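**Q** Sharing my_file.cif below, mmCIF, C-alpha atoms:
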data_final
#
loop_
_atom_site.label_atom_id
_atom_site.label_comp_id
_atom_site.auth_asym_id
_atom_site.auth_seq_id
_atom_site.Cartn_x
_atom_site.Cartn_y
_atom_site.Cartn_z
CA MET F 1 0.00 0.00 0.00
CA ASN F 2 1.26 3.45 -0.77
CA PHE F 3 0.76 6.58 1.33
CA ASN F 4 -2.26 7.82 -0.61
CA GLU F 5 -4.00 4.50 -0.27
CA ILE F 6 -3.38 4.50 3.46
CA MET F 7 -4.75 8.03 3.79
CA GLN F 8 -7.86 7.08 1.83
CA LEU F 9 -8.36 4.13 4.11
CA VAL F 10 -7.91 6.31 7.20
CA LYS F 11 -10.47 8.80 5.87
CA TYR F 12 -12.94 6.03 5.21
CA LEU F 13 -12.42 4.50 8.65
CA ASN F 14 -12.80 7.88 10.28
CA LYS F 15 -16.32 8.14 8.89
CA SER F 16 -17.22 4.57 9.75
CA GLU F 17 -18.25 3.14 13.09
CA LEU F 18 -15.30 0.78 13.12
CA THR F 19 -13.11 1.01 16.17
CA GLU F 20 -10.11 -0.91 14.96
CA PHE F 21 -8.80 -2.13 11.62
CA LYS F 22 -5.94 -4.52 10.97
CA LEU F 23 -4.54 -5.52 7.63
CA ARG F 24 -1.78 -8.03 7.09
CA ASP F 25 -0.33 -8.73 3.66
CA GLY F 26 2.87 -10.73 3.67
CA ASP F 27 5.32 -8.80 5.81
CA PHE F 28 3.26 -5.61 5.62
CA GLU F 29 0.99 -4.91 8.54
CA LEU F 30 -1.31 -1.95 9.08
CA GLN F 31 -3.22 -1.24 12.25
CA VAL F 32 -5.63 1.68 12.57
CA ARG F 33 -7.60 2.62 15.64
CA THR F 34 -10.29 5.29 15.51
CA ARG F 35 -11.50 7.61 18.24
CA HIS F 36 -14.36 5.20 18.92
CA PHE F 37 -11.72 2.72 19.97
CA VAL F 38 -10.30 5.11 22.56
CA LYS F 39 -13.68 5.91 24.03
CA SER F 40 -14.92 2.37 24.27
CA LYS F 41 -11.79 0.65 25.41
CA ILE F 42 -8.58 1.76 27.00
CA VAL F 43 -5.70 -0.63 26.58
CA ALA F 44 -1.99 -0.70 26.95
CA THR F 45 -0.61 2.20 25.02
CA PRO F 46 1.78 1.18 22.30
CA ALA F 47 4.17 3.92 21.36
CA ALA F 48 2.24 4.71 18.22
CA ILE F 49 -0.85 6.10 19.93
CA PRO F 50 0.12 7.64 23.24
CA SER F 51 -1.70 10.88 22.62
CA ALA F 52 -4.93 9.16 21.74
CA ALA F 53 -5.08 7.05 24.84
CA ALA F 54 -3.41 9.42 27.25
CA VAL F 55 -5.54 12.47 26.71
CA PRO F 56 -9.05 11.47 25.82
CA THR F 57 -11.04 14.66 25.46
CA ILE F 58 -14.66 15.48 25.10
CA THR F 59 -14.41 18.50 22.88
CA GLU F 60 -11.63 17.37 20.64
CA PRO F 61 -11.79 13.70 19.79
CA ALA F 62 -8.42 12.05 19.65
CA PRO F 63 -7.06 12.02 16.15
CA VAL F 64 -7.22 8.84 14.16
CA ALA F 65 -3.97 7.08 14.69
CA ALA F 66 -2.56 5.41 11.65
CA ALA F 67 0.09 3.03 12.75
CA PRO F 68 1.75 1.11 9.97
CA THR F 69 3.94 -1.36 11.76
CA PRO F 70 6.32 -3.12 9.43
CA ALA F 71 6.72 -6.84 9.94
CA ALA F 72 6.47 -7.07 13.71
CA PRO F 73 3.18 -8.08 15.24
CA ALA F 74 1.53 -5.69 17.70
CA PRO F 75 3.73 -5.26 20.77
CA LYS F 76 2.88 -7.31 23.79
CA GLU F 77 1.13 -5.54 26.61
CA GLN F 78 3.47 -4.41 29.30
CA GLU F 79 2.27 -3.65 32.80
CA THR F 80 4.11 -0.35 33.02
CA ASN F 81 2.59 0.85 29.78
CA ASN F 82 -0.88 0.21 31.05
CA TYR F 83 -1.07 3.53 32.84
CA ILE F 84 -2.91 6.53 31.55
CA GLU F 85 -1.38 9.95 31.96
CA ILE F 86 -3.30 12.92 33.29
CA LYS F 87 -1.59 15.97 31.85
CA SER F 88 -1.72 19.65 32.64
CA PRO F 89 -3.94 21.47 30.14
CA MET F 90 -2.13 24.77 30.75
CA VAL F 91 0.87 26.55 32.19
CA GLY F 92 0.42 27.36 35.85
CA THR F 93 0.98 26.29 39.43
CA PHE F 94 -0.04 22.81 40.54
CA TYR F 95 -1.97 22.41 43.78
CA ARG F 96 -2.98 19.04 45.13
CA SER F 97 -5.58 20.33 47.60
CA PRO F 98 -8.45 22.84 47.47
CA ALA F 99 -6.78 24.93 50.21
CA PRO F 100 -3.51 24.77 52.12
CA ASP F 101 -5.23 23.33 55.21
CA LYS F 102 -7.25 20.77 53.27
CA PRO F 103 -6.29 17.19 52.37
CA PRO F 104 -5.24 16.48 48.77
CA TYR F 105 -7.92 15.73 46.19
CA VAL F 106 -6.25 12.42 45.38
CA LYS F 107 -3.30 10.38 46.60
CA VAL F 108 -1.56 7.25 45.43
CA GLY F 109 -3.88 4.27 45.73
CA ASP F 110 -7.08 6.34 45.46
CA GLN F 111 -9.76 5.35 43.00
CA VAL F 112 -10.76 8.22 40.71
CA ASN F 113 -13.79 8.34 38.52
CA GLN F 114 -14.33 10.36 35.39
CA GLY F 115 -15.38 13.85 36.47
CA ASP F 116 -13.59 13.77 39.82
CA THR F 117 -11.37 16.74 40.57
CA VAL F 118 -7.75 15.63 40.80
CA CYS F 119 -5.92 18.93 41.31
CA ILE F 120 -5.92 22.69 40.81
CA ILE F 121 -3.84 24.51 38.24
CA GLU F 122 -3.60 28.18 39.09
CA ALA F 123 -2.94 30.50 36.20
CA MET F 124 -2.88 34.27 36.70
CA LYS F 125 -4.90 33.97 39.92
CA LEU F 126 -7.55 31.88 38.24
CA PHE F 127 -8.02 28.61 40.04
CA ASN F 128 -8.75 25.77 37.67
CA GLU F 129 -10.05 22.50 39.04
CA ILE F 130 -8.93 19.73 36.72
CA GLU F 131 -11.38 16.91 36.22
CA ALA F 132 -10.24 13.35 35.57
CA GLU F 133 -11.35 12.06 32.22
CA VAL F 134 -10.57 8.51 33.08
CA THR F 135 -11.56 6.05 35.73
CA GLY F 136 -8.93 4.10 37.57
CA LYS F 137 -6.48 4.06 40.42
CA ILE F 138 -3.84 6.74 41.00
CA VAL F 139 -0.47 5.00 40.86
CA LYS F 140 1.83 8.01 40.81
CA VAL F 141 1.78 11.74 41.50
CA LEU F 142 4.56 13.26 39.44
CA VAL F 143 4.53 16.89 40.56
CA GLU F 144 5.18 18.42 43.96
CA ASP F 145 2.44 20.51 45.50
CA ALA F 146 2.66 24.25 44.71
CA SER F 147 5.23 23.83 41.95
CA PRO F 148 5.07 25.29 38.45
CA VAL F 149 3.87 23.08 35.60
CA GLU F 150 4.13 23.37 31.85
CA TYR F 151 1.48 22.71 29.26
CA ASP F 152 1.09 18.96 28.68
CA GLN F 153 3.28 18.05 31.62
CA VAL F 154 2.27 14.69 33.10
CA LEU F 155 0.73 15.16 36.56
CA PHE F 156 -0.62 11.74 37.46
CA LEU F 157 -0.42 8.17 36.28
CA VAL F 158 -3.69 6.25 36.46
CA ASP F 159 -4.11 2.50 36.29
CA PRO F 160 -7.41 1.95 34.49
CA SER F 161 -7.58 -1.79 35.08
CA MET V 1 -27.19 38.22 24.98
CA ASN V 2 -29.56 39.05 27.76
CA VAL V 3 -29.28 36.48 30.48
CA GLY V 4 -31.04 38.64 33.04
CA ILE V 5 -34.43 37.03 32.52
CA GLU V 6 -33.24 33.48 32.81
CA ARG V 7 -30.69 33.66 35.52
CA LYS V 8 -31.21 31.81 38.75
CA VAL V 9 -30.59 33.74 41.95
CA VAL V 10 -29.84 31.97 45.19
CA VAL V 11 -29.57 33.93 48.41
CA LEU V 12 -27.87 32.19 51.27
CA SER V 13 -28.27 33.35 54.84
CA SER V 14 -25.13 31.63 55.99
CA ILE V 15 -22.64 29.61 54.07
CA ASP V 16 -18.93 29.04 53.99
CA SER V 17 -18.51 30.58 50.58
CA THR V 18 -20.78 31.47 47.70
CA ASN V 19 -18.11 30.15 45.32
CA VAL V 20 -18.10 26.74 46.95
CA TYR V 21 -21.90 26.60 46.84
CA ALA V 22 -21.93 27.54 43.16
CA LEU V 23 -19.21 25.02 42.31
CA GLU V 24 -21.13 22.27 44.06
CA HIS V 25 -24.60 23.03 42.70
CA ALA V 26 -24.41 24.83 39.35
CA GLN V 27 -23.50 21.88 37.17
CA VAL V 28 -25.45 19.20 38.98
CA GLU V 29 -28.60 21.31 38.90
CA ASN V 30 -28.03 22.71 35.39
CA TRP V 31 -28.15 26.33 36.44
CA PRO V 32 -28.54 28.72 33.51
CA GLU V 33 -25.62 30.91 32.56
CA GLY V 34 -25.48 34.12 34.57
CA SER V 35 -26.93 32.54 37.71
CA ILE V 36 -25.96 34.08 40.99
CA VAL V 37 -25.32 33.03 44.55
CA MET V 38 -25.46 35.85 47.04
CA ALA V 39 -24.71 35.79 50.71
CA ASP V 40 -25.94 38.23 53.28
CA PHE V 41 -23.48 36.77 55.65
CA GLN V 42 -20.29 35.13 54.66
CA THR V 43 -18.43 33.27 57.35
CA ALA V 44 -15.43 32.25 55.36
CA GLY V 45 -15.39 34.14 52.12
CA ARG V 46 -12.27 32.99 50.43
CA GLY V 47 -9.53 35.22 49.24
CA GLN V 48 -6.76 33.60 47.33
CA ARG V 49 -5.59 30.48 49.08
CA GLY V 50 -5.73 31.26 52.73
CA ASN V 51 -6.37 35.00 52.70
CA SER V 52 -9.92 35.14 53.90
CA TRP V 53 -12.06 37.98 52.72
CA TYR V 54 -13.16 39.97 55.71
CA SER V 55 -16.83 40.68 55.96
CA SER V 56 -19.42 41.61 58.54
CA PRO V 57 -23.00 40.42 58.16
CA GLU V 58 -25.14 42.24 55.61
CA LYS V 59 -22.59 44.93 55.08
CA ASN V 60 -21.07 43.98 51.80
CA LEU V 61 -21.85 42.68 48.37
CA LEU V 62 -20.65 39.11 48.26
CA LEU V 63 -21.66 37.02 45.34
CA SER V 64 -20.66 34.38 42.85
CA MET V 65 -21.68 34.39 39.22
CA VAL V 66 -21.95 31.22 37.17
CA TYR V 67 -20.82 31.06 33.55
CA TYR V 68 -19.93 28.36 31.07
CA PRO V 69 -17.21 29.91 28.88
CA ASP V 70 -16.53 26.80 26.80
CA PHE V 71 -15.59 29.10 23.92
CA LEU V 72 -12.68 30.66 25.80
CA PRO V 73 -9.15 29.44 25.00
CA PHE V 74 -7.09 28.69 28.12
CA GLU V 75 -4.48 31.25 27.13
CA LYS V 76 -7.15 33.97 27.27
CA GLN V 77 -8.55 33.02 30.66
CA HIS V 78 -7.23 36.17 32.31
CA PHE V 79 -9.87 38.03 30.33
CA LEU V 80 -12.39 36.68 32.85
CA HIS V 81 -10.57 38.92 35.32
CA TYR V 82 -10.72 41.79 32.87
CA CYS V 83 -14.52 41.48 32.42
CA THR V 84 -15.06 41.38 36.18
CA SER V 85 -12.61 44.19 36.99
CA ILE V 86 -14.16 46.39 34.31
CA ALA V 87 -17.67 45.77 35.69
CA LEU V 88 -16.56 46.58 39.23
CA GLN V 89 -14.71 49.71 38.15
CA LYS V 90 -17.78 50.96 36.31
CA THR V 91 -20.08 50.11 39.21
CA LEU V 92 -17.95 52.22 41.53
CA ASP V 93 -17.69 54.95 38.92
CA SER V 94 -21.51 55.12 38.87
CA LEU V 95 -21.29 56.00 42.58
CA SER V 96 -18.72 58.70 41.76
CA ILE V 97 -15.96 56.59 43.28
CA PRO V 98 -12.84 56.75 41.11
CA ALA V 99 -11.44 53.24 41.44
CA THR V 100 -8.49 51.80 39.60
CA ILE V 101 -7.75 48.21 38.64
CA LYS V 102 -4.61 46.97 40.28
CA TRP V 103 -2.97 44.17 38.34
CA PRO V 104 -4.20 41.61 38.08
CA ASN V 105 -7.58 41.82 39.76
CA ASP V 106 -7.95 44.14 42.75
CA LEU V 107 -10.01 47.32 42.84
CA LEU V 108 -8.34 50.20 44.61
CA VAL V 109 -9.33 53.67 45.70
CA ASP V 110 -6.53 55.90 47.00
CA ASP V 111 -4.25 52.88 47.35
CA LYS V 112 -6.85 51.07 49.44
CA LYS V 113 -8.63 47.89 48.42
CA ILE V 114 -12.38 48.15 47.96
CA ALA V 115 -13.12 44.98 46.03
CA GLY V 116 -11.57 41.63 45.23
CA ILE V 117 -12.22 38.84 42.78
CA LEU V 118 -11.79 35.10 43.09
CA ILE V 119 -12.39 33.06 39.98
CA GLN V 120 -12.62 29.28 40.15
CA ASN V 121 -13.05 27.23 37.02
CA ILE V 122 -13.71 23.61 36.30
CA ILE V 123 -11.70 22.23 33.41
CA ARG V 124 -13.21 19.42 31.42
CA GLY V 125 -10.94 18.09 28.72
CA GLN V 126 -9.66 21.00 26.68
CA SER V 127 -12.23 23.61 27.70
CA PHE V 128 -13.89 25.36 30.60
CA GLY V 129 -16.79 23.33 31.96
CA LEU V 130 -17.74 26.01 34.46
CA SER V 131 -16.52 29.36 35.67
CA VAL V 132 -17.52 30.68 39.08
CA ILE V 133 -16.69 34.34 39.47
CA GLY V 134 -16.62 35.37 43.10
CA ILE V 135 -16.80 39.04 43.98
CA GLY V 136 -16.40 40.81 47.29
CA LEU V 137 -17.22 44.51 47.31
CA ASN V 138 -16.94 46.47 50.53
CA VAL V 139 -20.14 48.49 50.79
CA ASN V 140 -21.14 49.53 54.30
CA GLU V 141 -18.11 48.25 56.17
CA THR V 142 -16.41 51.00 58.13
CA ASP V 143 -14.43 49.15 60.77
CA PHE V 144 -11.72 47.01 59.30
CA PRO V 145 -9.55 44.80 61.48
CA SER V 146 -6.00 45.89 62.06
CA HIS V 147 -4.60 43.27 59.71
CA LEU V 148 -6.40 44.97 56.84
CA PRO V 149 -5.01 48.51 56.95
CA HIS V 150 -5.30 48.95 53.22
CA ALA V 151 -9.07 48.49 52.97
CA THR V 152 -11.88 50.90 52.29
CA SER V 153 -15.59 50.82 51.44
CA VAL V 154 -18.33 52.67 49.59
CA LYS V 155 -19.60 54.10 52.88
CA ARG V 156 -16.17 55.23 53.97
CA LEU V 157 -15.72 57.09 50.72
CA THR V 158 -19.21 58.54 50.25
CA GLY V 159 -20.50 58.67 53.82
CA LYS V 160 -23.69 56.97 52.70
CA SER V 161 -25.09 53.53 53.45
CA ILE V 162 -26.43 51.57 50.55
CA THR V 163 -28.15 48.18 50.45
CA PRO V 164 -25.57 45.81 48.94
CA GLY V 165 -28.23 44.08 46.86
CA ARG V 166 -29.03 47.35 45.07
CA LEU V 167 -25.55 47.36 43.64
CA LEU V 168 -26.05 43.92 42.17
CA SER V 169 -28.16 45.03 39.19
CA VAL V 170 -25.69 47.82 38.49
CA LEU V 171 -22.81 45.37 38.54
CA LEU V 172 -24.60 42.97 36.21
CA SER V 173 -25.51 45.76 33.81
CA PHE V 174 -21.78 46.32 33.35
CA PHE V 175 -20.68 42.71 33.46
CA ASP V 176 -23.06 41.38 30.82
CA PRO V 177 -21.79 43.60 27.96
CA ALA V 178 -18.19 42.81 28.93
CA TYR V 179 -18.91 39.09 28.87
CA ASP V 180 -20.60 39.51 25.49
CA LEU V 181 -17.37 41.03 24.17
CA LEU V 182 -15.49 38.04 25.56
CA ARG V 183 -17.89 35.67 23.83
CA LYS V 184 -17.34 37.54 20.56
CA GLY V 185 -13.58 37.35 21.05
CA ASP V 186 -13.20 41.13 21.10
CA TYR V 187 -10.10 40.99 23.28
CA ASP V 188 -8.78 44.34 22.06
CA ASN V 189 -11.86 46.14 23.31
CA LEU V 190 -11.71 44.44 26.72
CA LEU V 191 -7.99 45.11 27.02
CA ARG V 192 -8.55 48.77 26.23
CA GLN V 193 -11.25 49.04 28.91
CA TYR V 194 -9.13 47.14 31.42
CA LEU V 195 -6.21 49.52 30.92
CA GLU V 196 -8.39 52.63 30.90
CA HIS V 197 -8.34 52.80 34.71
CA PHE V 198 -5.21 50.78 35.34
CA TYR V 199 -3.53 51.37 38.68
CA GLY V 200 -0.20 53.14 38.33
CA MET V 201 -0.31 53.30 34.53
CA GLU V 202 2.70 55.22 33.18
CA GLU V 203 3.74 55.90 36.77
CA LYS V 204 6.75 54.77 38.73
CA ARG V 205 6.04 52.08 41.31
CA SER V 206 8.09 49.92 43.67
CA PHE V 207 8.23 46.16 43.25
CA SER V 208 10.26 43.25 44.43
CA ILE V 209 11.22 39.90 43.02
CA PRO V 210 9.70 37.24 45.34
CA GLY V 211 12.40 36.46 47.84
CA GLY V 212 14.73 38.85 46.05
CA LYS V 213 15.69 42.43 45.47
CA SER V 214 13.50 45.51 45.24
CA PHE V 215 13.33 47.73 42.20
CA GLU V 216 11.39 50.59 40.69
CA GLY V 217 9.81 50.74 37.29
CA VAL V 218 7.24 52.54 35.20
CA ILE V 219 4.07 50.51 34.55
CA ARG V 220 3.36 50.14 30.86
CA GLY V 221 0.30 47.85 30.97
CA VAL V 222 -0.04 44.15 30.28
CA ASP V 223 1.06 41.87 27.46
CA ALA V 224 -0.97 39.28 25.54
CA GLN V 225 -0.41 36.67 28.24
CA GLY V 226 -1.72 39.05 30.89
CA ARG V 227 1.72 39.67 32.37
CA LEU V 228 2.54 43.04 33.89
CA VAL V 229 4.79 45.10 31.66
CA VAL V 230 7.25 47.36 33.46
CA ASN V 231 9.92 49.69 32.14
CA ILE V 232 12.95 49.38 34.40
CA ASN V 233 15.58 51.99 33.57
CA GLY V 234 14.79 51.82 29.87
CA GLU V 235 14.47 48.05 29.74
CA VAL V 236 10.91 46.81 29.21
CA LYS V 237 10.14 43.54 30.95
CA ALA V 238 7.01 41.41 31.38
CA PHE V 239 6.37 39.70 34.70
CA GLY V 240 4.17 36.72 35.46
CA LEU V 241 2.22 36.53 38.69
CA LYS V 242 4.89 34.64 40.61
CA GLU V 243 7.72 36.76 39.28
CA ILE V 244 6.89 40.10 40.82
CA GLU V 245 5.40 41.52 44.01
CA TRP V 246 3.89 44.90 44.64
CA LYS V 247 5.34 47.00 47.40
CA TRP V 248 2.79 49.18 49.14
#
Can you give me the file's structure in the form of structure tokens?
**A**
Amino acid sequence: MNFNEIMQLVKYLNKSELTEFKLRDGDFELQVRTRHFVKSKIVATPAAIPSAAAVPTITEPAPVAAAPTPAAPAPKEQETNNYIEIKSPMVGTFYRSPAPDKPPYVKVGDQVNQGDTVCIIEAMKLFNEIEAEVTGKIVKVLVEDASPVEYDQVLFLVDPS
Amino acid sequence: MNVGIERKVVVLSSIDSTNVYALEHAQVENWPEGSIVMADFQTAGRGQRGNSWYSSPEKNLLLSMVYYPDFLPFEKQHFLHYCTSIALQKTLDSLSIPATIKWPNDLLVDDKKIAGILIQNIIRGQSFGLSVIGIGLNVNETDFPSHLPHATSVKRLTGKSITPGRLLSVLLSFFDPAYDLLRKGDYDNLLRQYLEHFYGMEEKRSFSIPGGKSFEGVIRGVDAQGRLVVNINGEVKAFGLKEIEWKW
């Protein structure tokens, strides 16, 4: 398959209800997962689609990930890759609790559900409560309380299993 | 857009914070945009992280407004401050009180604070799910505790008492058009209004670097990111919130 053929296929799949498409022809293998795939099922995140699985969004569906993988079969699931990242949507200051004298929103081992507040990012004196978009268990908090964060910086790792 | 007809108004006789109430109820109960929570008596009105807003019962205008600015890019979120500051400045102006907006979001009269803003948003994915705009305006307060030496009120400045609730409609009449400009993306207009009564504009003021040295500079306004722009001995620099402190 050439590039144009792959793009045509991706366009077609994007319009369809298919969640996943695999094609194997000799030593050529093509695997495409659509945004429906991300919403319905969260799996180990092979390197090809980290952005799709890591940052599922409501307003901007994850882009279709075309992942032509030459020869090798899909990588085996690894435990450490099973985690979903919660990233900072903006530049600001990271706060783990609603107020200095209050307990943190979440800590390692806590179960979070979609819609739960996990932290505050303060930007220019606006206090932004960040909602989890995934359900799972917090396995790691990667940023110290009250420290500056960059856009897209990973804040938490969540085990969805 | 006229939200005045549809907005829900909740008056609380006693509550920790109107912001907290709005954050907890607005989304679950599908409050319409522009809804308001007012408190006659605020026991723990929140200033920014730990600085509680001082208020005696029924003396001040304490409210939270509920909006859903899902159209607003994150990098423009400081314009929520601009809309609110502009509305407060105009409200005070209507009472012949010449207030200025001190960067980023305090209202000052003669170097004394008369109103403060606390905005709390809920972020859902890549947009604002909810914005709760908390406002504290000192109306009839005349006795401020000793730890608030830089505070003043409408009554202190005019000598007249006024029912805080009466100022609400005035405030909204100025906020709504500002929010409409935000919705339309007319940032230039809002920026112009924000800087029209900007505290210390083109004047020399004293600052310090947090935990560092003091310096003087001439205030030149704000940049696109909302940072304070200061001319220090001919060198123009922009400062983020954590990079500069005002010296009274």
**Q** Once you count all atoms listed in the file, which residues of chain F turn out to be within 6 Å of chain V? Could you give them as a ChimeraX atom specification?
**A** /F:57-58,99,124,126-131
**Q** Could you please determine the separation between atom CA of Val108 of chain F and atom CA of Lys137 of chain F in Å, to one decimal place?
**A**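 Separating atom CA of Val108 of chain F from atom CA of Lys137 of chain F is a distance of 7.7 Å.
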**Q** List the residues matched by the PyMOL selection byres ((chain F and resi 97) around 10) in the displayed structure as a PyMOL selection string, ordered by chain and then by residue number.
**A** chain F and resi 94-96+98-106+117-120+129+145-146
**Q** In terms of the shortest atom-to-atom distance over only C-alpha atoms, which of V:Ala178, V:Ile162, V:Ile209, V:Leu157 is closest to Asn140 of chain V?
**A**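 Among the listed residues, the smallest separation from Asn140 of chain V belongs to V:Ile162.
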**Q** Identify all residues satisfying the PyMOL selection byres ((chain F and resi 134) around 7) in the given file; provide them as a list in words.
**A**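 Applied to this file, the PyMOL selection byres ((chain F and resi 134) around 7) returns Asn113, Gln114, Ala132, Glu133, Thr135 and Gly136 of chain F.
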**Q** What do you get, as an NGL selection string, if you spell out every residue that the PyMOL selection byres ((chain F and resi 139-141) around 7) selects here?
**A** :F and (108-109 or 137-138 or 142-143 or 155-159)
**Q** Would you save the residues from that selection as a CSV table (one decimal), in the frame of the given file, using C-alpha atoms?
**A**
chain,number,residue,atom,x,y,z
F,108,VAL,CA,-1.6,7.2,45.4
F,109,GLY,CA,-3.9,4.3,45.7
F,137,LYS,CA,-6.5,4.1,40.4
F,138,ILE,CA,-3.8,6.7,41.0
F,142,LEU,CA,4.6,13.3,39.4
F,143,VAL,CA,4.5,16.9,40.6
F,155,LEU,CA,0.7,15.2,36.6
F,156,PHE,CA,-0.6,11.7,37.5
F,157,LEU,CA,-0.4,8.2,36.3
F,158,VAL,CA,-3.7,6.2,36.5
F,159,ASP,CA,-4.1,2.5,36.3
**Q** Do a neighbour search on Ala22 of chain V at 9 Å with all atoms listed in the file, toss out local chain neighbours closer than 5 positions, and write the hits as an MDAnalysis selection string.
**A** chainID V and resid 17 27 35:37 64:66 132
**Q** Report, in Å to a single decimal, how far apart atom CA of Asn30 of chain V and atom CA of Gln111 of chain F are.
**A**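 Those two atoms sit 26.3 Å apart.
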